[in-house]
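**Q** Pasting upload-v3.cif here (mmCIF, C-alpha atoms):
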```cif
data_my_file
loop_
_atom_site.label_atom_id
_atom_site.label_comp_id
_atom_site.auth_asym_id
_atom_site.auth_seq_id
_atom_site.Cartn_x
_atom_site.Cartn_y
_atom_site.Cartn_z
CA MET X 93 150.85 98.75 97.14
CA ALA X 94 151.51 98.01 93.49
CA GLU X 95 152.64 94.54 94.43
CA ILE X 96 149.36 93.80 96.23
CA VAL X 97 147.29 94.96 93.27
CA PHE X 98 149.44 92.86 90.96
CA LYS X 99 148.95 89.80 93.19
CA TRP X 100 145.19 90.27 93.15
CA ILE X 101 145.15 90.50 89.37
CA VAL X 102 147.21 87.31 89.06
CA PHE X 103 144.96 85.60 91.61
CA PHE X 104 141.78 86.41 89.72
CA ILE X 105 143.18 85.42 86.34
CA ALA X 106 144.55 82.12 87.67
CA SER X 107 141.44 81.22 89.66
CA ILE X 108 139.01 81.99 86.83
CA LEU X 109 141.22 80.07 84.42
CA SER X 110 141.33 77.06 86.75
CA ILE X 111 137.53 77.00 87.21
CA PHE X 112 136.92 77.44 83.48
CA SER X 113 139.38 74.76 82.43
CA SER X 114 138.11 72.26 84.99
CA VAL X 115 134.54 72.79 83.74
CA MET X 116 135.81 72.21 80.20
CA MET X 117 137.63 69.10 81.43
CA VAL X 118 134.43 67.61 82.85
CA THR X 119 132.29 68.40 79.81
CA ARG X 120 134.55 67.41 76.90
CA LYS X 121 133.60 64.31 74.94
CA ASN X 122 137.08 63.45 73.72
CA PRO X 123 139.32 62.21 76.59
CA VAL X 124 142.41 63.72 74.93
CA HIS X 125 140.82 67.16 75.08
CA SER X 126 139.84 66.77 78.71
CA ALA X 127 143.37 65.63 79.58
CA LEU X 128 144.79 68.78 77.98
CA TRP X 129 142.29 70.99 79.82
CA LEU X 130 143.33 69.28 83.04
CA VAL X 131 146.93 70.31 82.31
CA VAL X 132 145.72 73.92 82.11
CA THR X 133 144.03 73.51 85.50
CA PHE X 134 147.20 72.12 87.05
CA ILE X 135 149.35 74.94 85.74
CA SER X 136 146.97 77.63 86.99
CA LEU X 137 146.96 75.90 90.38
CA ALA X 138 150.76 76.07 90.30
CA VAL X 139 150.46 79.84 89.83
CA LEU X 140 148.21 79.99 92.89
CA TYR X 141 150.79 78.07 94.90
CA PHE X 142 153.35 80.65 93.89
CA LEU X 143 151.08 83.38 95.21
CA LEU X 144 150.89 81.57 98.53
CA ASN X 145 154.71 81.47 98.76
CA ALA X 146 154.81 77.69 98.27
CA THR X 147 157.39 77.81 95.52
CA PHE X 148 158.74 74.30 95.92
CA ILE X 149 155.23 72.86 95.79
CA ALA X 150 154.48 74.93 92.69
CA ILE X 151 157.54 73.56 90.92
CA SER X 152 156.76 69.97 91.86
CA GLN X 153 153.16 70.50 90.77
CA VAL X 154 154.39 71.35 87.28
CA ILE X 155 156.94 68.51 87.23
CA VAL X 156 154.77 65.76 88.71
CA TYR X 157 151.19 66.57 87.77
CA ALA X 158 151.42 68.54 84.55
CA GLY X 159 154.49 66.65 83.38
CA ALA X 160 154.54 63.07 84.51
CA ILE X 161 151.03 62.10 85.58
CA MET X 162 149.24 63.69 82.62
CA MET X 163 151.82 62.14 80.32
CA LEU X 164 150.83 58.76 81.73
CA PHE X 165 147.14 59.57 81.24
CA LEU X 166 147.66 60.55 77.60
CA PHE X 167 149.68 57.38 77.10
CA VAL X 168 146.84 55.24 78.35
CA ILE X 169 144.28 57.14 76.26
CA MET X 170 146.41 56.49 73.17
CA LEU X 171 147.11 52.93 74.27
CA ILE X 172 143.49 51.86 74.32
CA HIS X 173 142.52 54.38 71.71
CA LEU X 174 139.65 55.95 73.41
CA GLU X 175 139.07 58.96 71.21
CA LYS X 176 135.53 57.73 70.83
CA GLY X 177 134.88 56.39 74.27
CA PRO X 178 131.66 55.12 75.76
CA GLU X 179 129.71 58.33 75.49
CA GLU X 180 126.63 59.63 76.98
CA ILE X 181 126.77 63.44 77.35
CA GLY X 182 123.43 65.20 77.01
CA LYS X 183 121.18 62.50 78.33
CA MET X 184 119.48 63.92 81.39
CA THR X 185 118.36 60.90 83.33
CA VAL X 186 116.68 61.22 86.71
CA SER X 187 119.59 59.61 88.51
CA ARG X 188 122.02 62.05 86.96
CA ILE X 189 120.03 65.13 87.97
CA PHE X 190 119.72 63.67 91.44
CA ALA X 191 123.49 63.15 91.55
CA VAL X 192 124.18 66.75 90.56
CA VAL X 193 121.77 68.01 93.24
CA LEU X 194 123.56 65.86 95.81
CA THR X 195 126.91 67.27 94.74
CA VAL X 196 125.68 70.84 95.03
CA LEU X 197 124.51 69.94 98.53
CA LEU X 198 128.05 68.75 99.23
CA PHE X 199 129.33 72.12 98.04
CA VAL X 200 126.99 73.99 100.37
CA GLU X 201 128.12 71.74 103.17
CA ILE X 202 131.79 72.57 102.53
CA LEU X 203 130.93 76.27 102.47
CA VAL X 204 129.13 76.00 105.80
CA GLY X 205 132.17 74.23 107.17
CA VAL X 206 134.52 76.89 105.90
CA TYR X 207 132.61 80.05 106.72
CA PHE X 208 130.42 79.37 109.73
CA TYR X 209 132.17 76.75 111.74
CA ARG X 210 135.48 78.55 111.91
CA ALA X 211 137.81 76.77 114.30
CA TRP X 212 140.81 78.92 113.49
CA THR X 213 142.04 82.46 113.51
CA VAL X 214 144.49 83.75 110.95
CA LYS X 215 147.80 84.18 112.71
CA PRO X 216 149.28 87.63 112.15
CA GLU X 217 152.84 86.53 111.32
CA PRO X 218 154.07 86.84 107.75
CA MET X 219 153.48 83.90 105.44
CA PRO X 220 156.31 81.35 105.68
CA PHE X 221 158.34 80.95 102.56
CA GLY X 222 158.24 77.38 101.22
CA ASP X 223 161.37 77.21 99.14
CA PRO X 224 163.26 73.89 98.80
CA LYS X 225 165.57 74.75 101.68
CA THR X 226 162.88 75.31 104.33
CA VAL X 227 160.78 72.38 103.14
CA GLY X 228 163.85 70.18 103.06
CA LYS X 229 164.88 71.12 106.59
CA LEU X 230 161.49 70.04 107.89
CA LEU X 231 161.19 66.98 105.65
CA TYR X 232 164.59 65.49 106.42
CA THR X 233 164.58 66.03 110.16
CA LYS X 234 161.11 66.04 111.68
CA TYR X 235 159.26 64.10 108.99
CA LEU X 236 161.99 61.60 108.30
CA PHE X 237 159.87 58.51 108.88
CA PRO X 238 157.09 59.46 106.43
CA PHE X 239 159.82 60.15 103.90
CA GLU X 240 161.22 56.63 104.21
CA ILE X 241 157.71 55.17 104.12
CA ALA X 242 157.10 57.08 100.87
CA SER X 243 159.86 55.03 99.25
CA VAL X 244 158.07 51.83 100.26
CA LEU X 245 154.90 53.26 98.72
CA LEU X 246 156.72 53.96 95.46
CA LEU X 247 158.16 50.44 95.54
CA VAL X 248 154.67 49.00 95.90
CA GLY X 249 153.58 51.21 93.02
CA ILE X 250 156.33 49.87 90.75
CA ILE X 251 155.66 46.25 91.61
CA GLY X 252 151.88 46.58 91.30
CA ALA X 253 151.99 48.27 87.92
CA VAL X 254 154.54 45.81 86.49
CA VAL X 255 152.61 42.78 87.74
CA LEU X 256 149.41 44.15 86.21
CA ALA X 257 150.73 45.39 82.91
CA LYS X 258 153.46 42.90 82.05
CA ARG X 259 152.46 40.44 79.42
CA ARG X 260 152.93 36.93 80.70
CA LYS X 261 155.34 34.77 78.77
CA MET X 262 153.44 31.82 77.42
CA MET Q 159 159.09 86.96 95.55
CA LYS Q 160 160.99 89.32 93.26
CA GLU Q 161 163.42 86.69 92.05
CA TYR Q 162 160.58 84.73 90.48
CA LEU Q 163 159.68 87.57 88.15
CA GLY Q 164 161.76 85.89 85.46
CA ILE Q 165 159.32 82.99 85.36
CA LEU Q 166 156.43 85.35 84.67
CA ILE Q 167 158.37 87.08 81.92
CA ILE Q 168 159.28 83.80 80.27
CA ILE Q 169 155.66 82.57 80.46
CA LEU Q 170 154.42 85.77 78.84
CA LEU Q 171 157.13 85.75 76.17
CA SER Q 172 156.69 82.10 75.24
CA SER Q 173 152.92 82.33 75.04
CA LEU Q 174 153.24 85.50 72.97
CA VAL Q 175 155.59 83.77 70.55
CA ALA Q 176 153.30 80.75 70.28
CA ILE Q 177 150.22 82.91 69.66
CA LEU Q 178 152.08 85.04 67.12
CA ILE Q 179 153.42 82.10 65.14
CA VAL Q 180 150.07 80.35 64.91
CA GLY Q 181 148.08 83.57 64.47
CA ILE Q 182 150.20 85.13 61.74
CA SER Q 183 150.21 82.00 59.64
CA TYR Q 184 146.47 81.66 60.20
CA PHE Q 185 145.68 85.17 58.97
CA LEU Q 186 148.30 85.62 56.28
CA GLY Q 187 148.56 82.12 54.88
CA GLU Q 188 146.63 81.10 51.81
CA ARG Q 189 144.58 77.95 51.88
CA LYS Q 190 143.65 76.15 48.70
CA PRO Q 191 143.00 72.60 49.86
CA LYS Q 192 143.37 69.93 47.24
CA LYS Q 193 143.07 66.22 47.74
CA VAL Q 194 146.79 65.64 47.41
CA LYS Q 195 147.61 68.42 49.85
CA LEU Q 196 145.40 66.98 52.55
CA LEU Q 197 147.14 63.62 52.53
CA PRO Q 198 149.41 62.92 55.52
CA TYR Q 199 152.45 62.63 53.24
CA GLU Q 200 152.11 64.90 50.28
CA CYS Q 201 154.91 63.27 48.39
CA GLY Q 202 155.47 59.65 49.27
CA MET Q 203 153.46 56.55 49.91
CA THR Q 204 149.71 56.78 50.31
CA THR Q 205 148.80 55.55 53.77
CA ILE Q 206 146.96 52.29 54.14
CA GLY Q 207 144.36 51.85 56.82
CA PRO Q 208 143.68 54.08 59.82
CA SER Q 209 146.68 55.79 61.37
CA ARG Q 210 145.39 55.31 64.92
CA ARG Q 211 146.80 51.90 65.59
CA ARG Q 212 146.78 50.57 69.08
CA ILE Q 213 150.15 51.10 70.75
CA SER Q 214 151.78 48.20 72.52
CA VAL Q 215 151.50 47.99 76.29
CA LYS Q 216 155.29 47.88 76.46
CA TYR Q 217 155.34 51.68 76.22
CA TYR Q 218 153.14 51.92 79.30
CA ILE Q 219 155.69 50.21 81.53
CA PHE Q 220 158.37 52.68 80.51
CA ALA Q 221 156.08 55.66 81.09
CA MET Q 222 155.17 54.30 84.51
CA LEU Q 223 158.80 53.78 85.48
CA PHE Q 224 159.53 57.35 84.37
CA LEU Q 225 156.76 58.63 86.66
CA ILE Q 226 158.03 56.75 89.72
CA PHE Q 227 161.65 57.75 89.28
CA ASP Q 228 160.57 61.31 88.54
CA ILE Q 229 159.11 61.42 92.05
CA GLU Q 230 162.33 59.98 93.41
CA VAL Q 231 164.37 62.75 91.82
CA LEU Q 232 161.90 65.30 93.15
CA PHE Q 233 162.56 64.03 96.66
CA MET Q 234 166.25 64.58 96.05
CA TYR Q 235 165.92 68.31 95.21
CA PRO Q 236 165.39 69.61 98.77
CA TRP Q 237 167.86 67.04 100.07
CA ALA Q 238 170.54 68.26 97.68
CA VAL Q 239 170.01 71.85 98.81
CA ILE Q 240 170.60 71.13 102.50
CA THR Q 241 172.89 68.11 102.28
CA LYS Q 242 175.79 70.09 103.76
CA ASP Q 243 173.85 70.88 106.91
CA LEU Q 244 172.65 67.33 107.38
CA LYS Q 245 176.15 65.79 107.13
CA LEU Q 246 176.35 62.01 107.50
CA PHE Q 247 172.79 61.71 108.76
CA GLY Q 248 171.39 63.06 105.51
CA PHE Q 249 173.58 60.72 103.51
CA VAL Q 250 172.34 57.68 105.44
CA GLU Q 251 168.66 58.55 105.13
CA MET Q 252 168.91 59.17 101.40
CA PHE Q 253 170.89 55.93 101.08
CA ILE Q 254 168.07 53.95 102.69
CA PHE Q 255 165.52 55.67 100.45
CA ILE Q 256 167.43 54.85 97.29
CA VAL Q 257 168.15 51.26 98.35
CA ILE Q 258 164.45 50.63 98.86
CA LEU Q 259 163.71 52.00 95.40
CA LEU Q 260 166.59 50.01 93.92
CA ILE Q 261 164.85 46.84 95.11
CA GLY Q 262 161.96 47.85 92.85
CA TYR Q 263 164.34 48.60 90.02
CA PHE Q 264 166.00 45.19 90.26
CA TYR Q 265 162.59 43.55 90.47
CA VAL Q 266 161.57 45.20 87.21
CA TRP Q 267 164.88 44.20 85.69
CA ARG Q 268 164.55 40.56 86.74
CA LYS Q 269 160.99 40.42 85.44
CA GLY Q 270 162.31 41.42 82.02
CA ALA Q 271 160.09 44.49 81.81
CA LEU Q 272 163.03 46.58 80.66
CA GLU Q 273 163.62 44.41 77.63
CA TRP Q 274 162.22 45.31 74.24
CA GLU Q 275 161.34 41.97 72.70
CA MET J 32 148.25 89.53 100.32
CA VAL J 33 145.44 90.73 102.50
CA GLU J 34 144.57 88.39 105.35
CA HIS J 35 141.03 88.14 104.16
CA SER J 36 142.04 86.43 100.93
CA TYR J 37 142.52 82.97 102.45
CA ASN J 38 138.74 82.68 102.38
CA LEU J 39 138.86 83.11 98.63
CA TYR J 40 141.43 80.34 98.30
CA LEU J 41 139.26 78.03 100.38
CA LEU J 42 136.23 78.97 98.27
CA LEU J 43 138.14 78.20 95.08
CA SER J 44 139.22 74.86 96.51
CA ALA J 45 135.58 74.04 97.36
CA ILE J 46 134.45 74.96 93.83
CA LEU J 47 137.12 72.79 92.20
CA PHE J 48 136.29 69.90 94.52
CA THR J 49 132.63 70.15 93.58
CA ILE J 50 133.36 70.24 89.86
CA GLY J 51 135.49 67.12 90.29
CA ALA J 52 132.76 65.39 92.28
CA ILE J 53 130.15 66.20 89.62
CA GLY J 54 132.47 64.71 87.02
CA VAL J 55 133.02 61.54 89.02
CA ILE J 56 129.29 61.04 89.48
CA THR J 57 128.02 61.90 86.01
CA ARG J 58 130.71 60.73 83.60
CA ARG J 59 130.89 57.11 82.55
CA ASN J 60 134.25 57.01 80.81
CA GLY J 61 136.65 55.44 83.30
CA ILE J 62 139.66 57.56 82.34
CA ILE J 63 137.72 60.81 82.75
CA VAL J 64 136.43 59.65 86.13
CA PHE J 65 140.03 59.07 87.12
CA MET J 66 141.04 62.53 85.92
CA CYS J 67 138.24 64.05 87.99
CA ILE J 68 139.62 62.25 91.03
CA GLU J 69 143.00 63.86 90.33
CA LEU J 70 141.23 67.22 90.20
CA MET J 71 139.65 66.57 93.60
CA LEU J 72 143.07 65.69 95.03
CA ASN J 73 144.37 68.99 93.71
CA ALA J 74 141.53 70.91 95.30
CA ALA J 75 142.44 69.30 98.61
CA ASN J 76 146.07 70.31 98.03
CA LEU J 77 145.01 73.91 97.53
CA ALA J 78 143.11 73.79 100.82
CA PHE J 79 146.23 72.42 102.52
CA ILE J 80 148.39 75.23 101.18
CA SER J 81 145.92 77.89 102.25
CA ALA J 82 145.79 76.24 105.68
CA THR J 83 149.55 76.73 105.74
CA GLY J 84 148.85 80.40 105.23
CA ILE J 85 146.27 80.49 107.99
CA GLN J 86 148.32 78.63 110.59
CA LYS J 87 151.70 79.93 109.39
CA ALA J 88 153.13 76.42 109.76
CA LEU J 89 154.96 74.64 106.97
CA GLU J 90 153.40 71.25 107.71
CA GLY J 91 150.75 71.83 105.03
CA MET J 92 153.39 71.86 102.33
CA ILE J 93 154.91 68.60 103.55
CA PHE J 94 151.43 67.09 103.43
CA VAL J 95 150.92 68.25 99.87
CA PHE J 96 154.24 66.74 98.88
CA PHE J 97 153.19 63.35 100.22
CA VAL J 98 149.79 63.68 98.56
CA MET J 99 151.66 64.12 95.27
CA THR J 100 153.66 60.96 95.93
CA VAL J 101 150.49 59.02 96.67
CA ALA J 102 148.84 60.44 93.53
CA ALA J 103 151.76 59.27 91.40
CA ALA J 104 151.69 55.73 92.80
CA GLU J 105 147.92 55.71 92.45
CA ALA J 106 148.06 56.84 88.84
CA ALA J 107 150.65 54.15 87.98
CA VAL J 108 148.64 51.30 89.49
CA GLY J 109 145.17 52.64 88.60
CA LEU J 110 145.95 53.16 84.93
CA ALA J 111 147.48 49.68 84.76
CA ILE J 112 144.18 48.36 86.11
CA PHE J 113 142.31 50.28 83.40
CA VAL J 114 144.56 48.81 80.73
CA MET J 115 143.87 45.31 82.03
CA ILE J 116 140.11 45.92 82.20
CA PHE J 117 140.18 47.16 78.64
CA ARG J 118 142.00 44.03 77.53
CA LEU J 119 139.52 41.84 79.35
CA LYS J 120 136.25 43.51 78.38
CA GLY J 121 137.05 45.76 75.44
CA THR J 122 135.55 48.81 77.14
CA ILE J 123 136.30 51.04 80.11
CA SER J 124 132.80 52.31 80.74
CA VAL J 125 132.40 52.26 84.50
CA ASP J 126 128.90 50.82 84.11
CA GLU J 127 130.35 47.68 82.57
CA MET J 128 132.72 47.04 85.45
CA ASN J 129 130.61 44.50 87.28
CA LEU J 130 133.03 41.61 87.64
CA LEU J 131 132.55 41.50 91.39
CA LYS J 132 128.77 41.28 91.14
CA GLY J 133 127.58 37.96 92.55
#
```
Once you've parsed the file, please lay out its structure as structure tokens.

**A**
Amino acid sequence: MAEIVFKWIVFFIASILSIFSSVMMVTRKNPVHSALWLVVTFISLAVLYFLLNATFIAISQVIVYAGAIMMLFLFVIMLIHLEKGPEEIGKMTVSRIFAVVLTVLLFVEILVGVYFYRAWTVKPEPMPFGDPKTVGKLLYTKYLFPFEIASVLLLVGIIGAVVLAKRRKM
Amino acid sequence: MKEYLGILIIILLSSLVAILIVGISYFLGERKPKKVKLLPYECGMTTIGPSRRRISVKYYIFAMLFLIFDIEVLFMYPWAVITKDLKLFGFVEMFIFIVILLIGYFYVWRKGALEWE
Amino acid sequence: MVEHSYNLYLLLSAILFTIGAIGVITRRNGIIVFMCIELMLNAANLAFISATGIQKALEGMIFVFFVMTVAAAEAAVGLAIFVMIFRLKGTISVDEMNLLKG
């Protein structure tokens, strides 16, 4: 019983923190600040993954997103020193209000999809435990081909980024 | 789930320490700002020009390579856990994966992107 | 957790996705638009993981793992493109990116 209450408390703290920090991320003027708020969002999402028993995914969320990808983002912000970027917050143009209305419509649409058009039933078994061992057993036997294709994707990523960013020798 | 309690404790402890260190020095410390004190180097050369210089794009290539090989190592975690069960099969599949990524590594090497001119 | 709570996870994922979409539409700074896209990817990941809880099948986690790989490759190439656009035009405002306009 105590464990369930504890999980609910952690869930509410993490979810409110993730919503708050993503709102801060969207509204900050300085890109460095919004990058740091995005790190907070990623870490609170990692906590939610822990609650859902996806421990391996939670760990890789911290390593990949909060560690490596945001590091790259901050690098680029510093690289092209954007602290005072092209800014615009506060102007309420017609097109912008229209865009926000459209997005709220999208939200309602997702909610309708989730709550009224339910195509599933929650299976009564206990939640599977996604530690590295279980994930690995599935990944390296059944999903072997996607795994090898992922390496080709990473190869393309390396080559693309080097071709784009390497200064040509004149 | 119990074995992950240590993570929670270390998160709480480290955030407590961080808040305490910053908070105590904020409340107890005296602040009498003078012009000399606000300089970046209080004793030493006065800085010339803005400190936000544009960083060279060379750093970007290294950061990008770190990101890609970080993912590669992440793929190796679950493999390393079950490598005894997979036997030779697991070895071969990881070998192919690494060889494909090594092609990228040698490409970057040949292009001279690893050199610091 | 209680079975009912998967709805809350899906609701949270929808909220985060919407916040990301609002950011993509209203912001003009290219880097922030890109960060909002990462946020939307994460919201989709959360939906995948809660679908794992609903179906009790581990496939959702494998999916999320590949989404992370794609996001990393995308970030490497996309940010390189931003660096090049900045070198070419001196700005990364998405309104100025009209090179393909005839």

**Q** Looking at X:Arg188, X:Lys258, X:Lys229, X:Lys234, which one is nearest to chain J, with distances taken over only C-alpha atoms?

**A**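 Checking each of X:Arg188, X:Lys258, X:Lys229, X:Lys234 against chain J, counting only C-alpha atoms, the winner is X:Arg188.
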
**Q** Please expand the PyMOL selection byres ((chain X and resi 227) around 10) into the concrete residues it hits in this file, giving the result as an mmCIF file with C-alpha atoms, in the frame of the given file.

**A**
```cif
data_model
loop_
_atom_site.group_PDB
_atom_site.id
_atom_site.type_symbol
_atom_site.label_atom_id
_atom_site.label_comp_id
_atom_site.auth_asym_id
_atom_site.auth_seq_id
_atom_site.Cartn_x
_atom_site.Cartn_y
_atom_site.Cartn_z
ATOM 1 C CA ALA X 146 154.810 77.690 98.270
ATOM 2 C CA THR X 147 157.390 77.810 95.520
ATOM 3 C CA PHE X 148 158.740 74.300 95.920
ATOM 4 C CA ILE X 149 155.230 72.860 95.790
ATOM 5 C CA PHE X 221 158.340 80.950 102.560
ATOM 6 C CA GLY X 222 158.240 77.380 101.220
ATOM 7 C CA ASP X 223 161.370 77.210 99.140
ATOM 8 C CA PRO X 224 163.260 73.890 98.800
ATOM 9 C CA LYS X 225 165.570 74.750 101.680
ATOM 10 C CA THR X 226 162.880 75.310 104.330
ATOM 11 C CA GLY X 228 163.850 70.180 103.060
ATOM 12 C CA LYS X 229 164.880 71.120 106.590
ATOM 13 C CA LEU X 230 161.490 70.040 107.890
ATOM 14 C CA LEU X 231 161.190 66.980 105.650
ATOM 15 C CA TYR X 232 164.590 65.490 106.420
ATOM 16 C CA PRO Q 236 165.390 69.610 98.770
ATOM 17 C CA TRP Q 237 167.860 67.040 100.070
ATOM 18 C CA ILE Q 240 170.600 71.130 102.500
ATOM 19 C CA LEU J 89 154.960 74.640 106.970
ATOM 20 C CA GLU J 90 153.400 71.250 107.710
ATOM 21 C CA MET J 92 153.390 71.860 102.330
ATOM 22 C CA ILE J 93 154.910 68.600 103.550
ATOM 23 C CA PHE J 96 154.240 66.740 98.880
#
```

**Q** What are the closest atom pairs, with distances in Å to one decimal, for all residues of chain Q lying within 8 Å of chain X? Consider all atoms listed in the file, order rows by chain and residue number, and present the result as JSON lines.

**A**
```
{"residue": "Q:Met159", "atom": "CA", "partner": "X:Asn145", "partner_atom": "CA", "distance": 7.7}
{"residue": "Q:Arg210", "atom": "CA", "partner": "X:His173", "partner_atom": "CA", "distance": 7.4}
{"residue": "Q:Arg211", "atom": "CA", "partner": "X:His173", "partner_atom": "CA", "distance": 7.9}
{"residue": "Q:Arg212", "atom": "CA", "partner": "X:Leu171", "partner_atom": "CA", "distance": 5.7}
{"residue": "Q:Ile213", "atom": "CA", "partner": "X:Leu171", "partner_atom": "CA", "distance": 5.0}
{"residue": "Q:Ser214", "atom": "CA", "partner": "X:Leu171", "partner_atom": "CA", "distance": 6.9}
{"residue": "Q:Val215", "atom": "CA", "partner": "X:Leu171", "partner_atom": "CA", "distance": 6.9}
{"residue": "Q:Lys216", "atom": "CA", "partner": "X:Lys258", "partner_atom": "CA", "distance": 7.7}
{"residue": "Q:Tyr218", "atom": "CA", "partner": "X:Phe167", "partner_atom": "CA", "distance": 6.8}
{"residue": "Q:Ile219", "atom": "CA", "partner": "X:Val254", "partner_atom": "CA", "distance": 6.7}
{"residue": "Q:Ala221", "atom": "CA", "partner": "X:Leu164", "partner_atom": "CA", "distance": 6.1}
{"residue": "Q:Met222", "atom": "CA", "partner": "X:Leu164", "partner_atom": "CA", "distance": 6.8}
{"residue": "Q:Leu223", "atom": "CA", "partner": "X:Ile250", "partner_atom": "CA", "distance": 7.0}
{"residue": "Q:Phe224", "atom": "CA", "partner": "X:Ala160", "partner_atom": "CA", "distance": 7.6}
{"residue": "Q:Leu225", "atom": "CA", "partner": "X:Ala160", "partner_atom": "CA", "distance": 5.4}
{"residue": "Q:Ile226", "atom": "CA", "partner": "X:Leu246", "partner_atom": "CA", "distance": 6.5}
{"residue": "Q:Asp228", "atom": "CA", "partner": "X:Val156", "partner_atom": "CA", "distance": 7.3}
{"residue": "Q:Ile229", "atom": "CA", "partner": "X:Val156", "partner_atom": "CA", "distance": 7.0}
{"residue": "Q:Leu232", "atom": "CA", "partner": "X:Ser152", "partner_atom": "CA", "distance": 7.1}
{"residue": "Q:Tyr235", "atom": "CA", "partner": "X:Pro224", "partner_atom": "CA", "distance": 7.1}
{"residue": "Q:Pro236", "atom": "CA", "partner": "X:Gly228", "partner_atom": "CA", "distance": 4.6}
{"residue": "Q:Trp237", "atom": "CA", "partner": "X:Gly228", "partner_atom": "CA", "distance": 5.9}
{"residue": "Q:Val239", "atom": "CA", "partner": "X:Lys225", "partner_atom": "CA", "distance": 6.0}
{"residue": "Q:Ile240", "atom": "CA", "partner": "X:Lys225", "partner_atom": "CA", "distance": 6.3}
{"residue": "Q:Gly248", "atom": "CA", "partner": "X:Tyr232", "partner_atom": "CA", "distance": 7.3}
{"residue": "Q:Glu251", "atom": "CA", "partner": "X:Glu240", "partner_atom": "CA", "distance": 7.7}
{"residue": "Q:Ile254", "atom": "CA", "partner": "X:Glu240", "partner_atom": "CA", "distance": 7.5}
{"residue": "Q:Phe255", "atom": "CA", "partner": "X:Glu240", "partner_atom": "CA", "distance": 5.8}
{"residue": "Q:Ile256", "atom": "CA", "partner": "X:Ser243", "partner_atom": "CA", "distance": 7.8}
{"residue": "Q:Ile258", "atom": "CA", "partner": "X:Ser243", "partner_atom": "CA", "distance": 6.4}
{"residue": "Q:Leu259", "atom": "CA", "partner": "X:Leu247", "partner_atom": "CA", "distance": 5.8}
{"residue": "Q:Ile261", "atom": "CA", "partner": "X:Leu247", "partner_atom": "CA", "distance": 7.6}
{"residue": "Q:Gly262", "atom": "CA", "partner": "X:Leu247", "partner_atom": "CA", "distance": 5.3}
{"residue": "Q:Tyr265", "atom": "CA", "partner": "X:Ile251", "partner_atom": "CA", "distance": 7.5}
{"residue": "Q:Val266", "atom": "CA", "partner": "X:Val254", "partner_atom": "CA", "distance": 7.1}
{"residue": "Q:Ala271", "atom": "CA", "partner": "X:Lys258", "partner_atom": "CA", "distance": 6.8}
```

**Q** Between Q:Leu272, Q:Val257, Q:Val250, Q:Val231, which has the minimum distance to chain J (counting all atoms listed in the file)?

**A** Q:Val231

**Q** Using all atoms listed in the file for the distances, tell me which of X:Leu137, X:Val192, X:Leu166, X:Leu144 is nearest to Arg58 in chain J.

**A** X:Val192

**Q** Specify as JSON, numbers by chain each residue included when the PyMOL selection byres ((chain J and resi 65) around 10) is applied to this file.

**A** {"X": [165], "J": [51, 54, 55, 60, 61, 62, 63, 64, 66, 67, 68, 69, 70, 71, 106, 109, 110, 113]}

**Q** Once the PyMOL selection byres ((chain J) within 7 of (chain Q)) is applied to the coordinates I shared, what remains selected? I want it as a count of residues only.

**A** 3

**Q** What is the CA of Ile202 in chain X to CA of Leu77 in chain J distance in Å?

**A**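 Value for the CA of Ile202 in chain X-CA of Leu77 in chain J distance: 14.2 Å.
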
**Q** Using Å and a single decimal, report how far CA of Ser44 in chain J sits from CA of Val98 in chain J.

**A**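 Calculated distance between CA of Val98 in chain J and CA of Ser44 in chain J is 15.5 Å.
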
**Q** Looking at only C-alpha atoms, which of X:Phe199, X:Phe103, X:Phe112, X:Phe190 is the one that sits closest to chain J?

**A**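 Of the candidates, the smallest distance to chain J is held by X:Phe199.
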
**Q** So how many Å separate CA of Pro123 in chain X and CA of Ile46 in chain J, to one decimal?

**A**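 These two atoms are separated by 22.0 Å.
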
**Q** Tell me, as a list of chain:residue names, which residues lie within 12 Å of Leu197 in chain X, counting only C-alpha atoms; anything in the same chain fewer than 4 positions away does not count.

**A** X:Phe190, X:Ala191, X:Val192, X:Val193, X:Glu201, X:Ile202, X:Leu203, X:Val204, J:Ala45, J:Thr49, J:Ala52, J:Ile53

**Q** How would the residues just chosen look if you wrote them out with C-alpha atoms as a short mmCIF file (atom, residue, chain, number, x, y, z; two decimals), in the coordinates of the input?

**A**
```cif
data_model
loop_
_atom_site.label_atom_id
_atom_site.label_comp_id
_atom_site.auth_asym_id
_atom_site.auth_seq_id
_atom_site.Cartn_x
_atom_site.Cartn_y
_atom_site.Cartn_z
CA PHE X 190 119.72 63.67 91.44
CA ALA X 191 123.49 63.15 91.55
CA VAL X 192 124.18 66.75 90.56
CA VAL X 193 121.77 68.01 93.24
CA GLU X 201 128.12 71.74 103.17
CA ILE X 202 131.79 72.57 102.53
CA LEU X 203 130.93 76.27 102.47
CA VAL X 204 129.13 76.00 105.80
CA ALA J 45 135.58 74.04 97.36
CA THR J 49 132.63 70.15 93.58
CA ALA J 52 132.76 65.39 92.28
CA ILE J 53 130.15 66.20 89.62
#
```

**Q** Name all residues at most 10 Å from Leu43 in chain J (count all atoms listed in the file; drop same-chain ones fewer than 2 positions away) and give them as a ChimeraX atom specification.

**A** /X:107-108,110-111 /J:37-41,45-49,74,77-78

**Q** So, with all atoms listed in the file as the atoms that count, which of X:Val115, X:Leu109, X:Val102, X:Ala158 lies closest to chain J?

**A** X:Val115

**Q** Go through X:Ala94, X:Val118, X:Ile105, X:Ile135 and flag the residue nearest chain J, using all atoms listed in the file for the distances.

**A** X:Val118
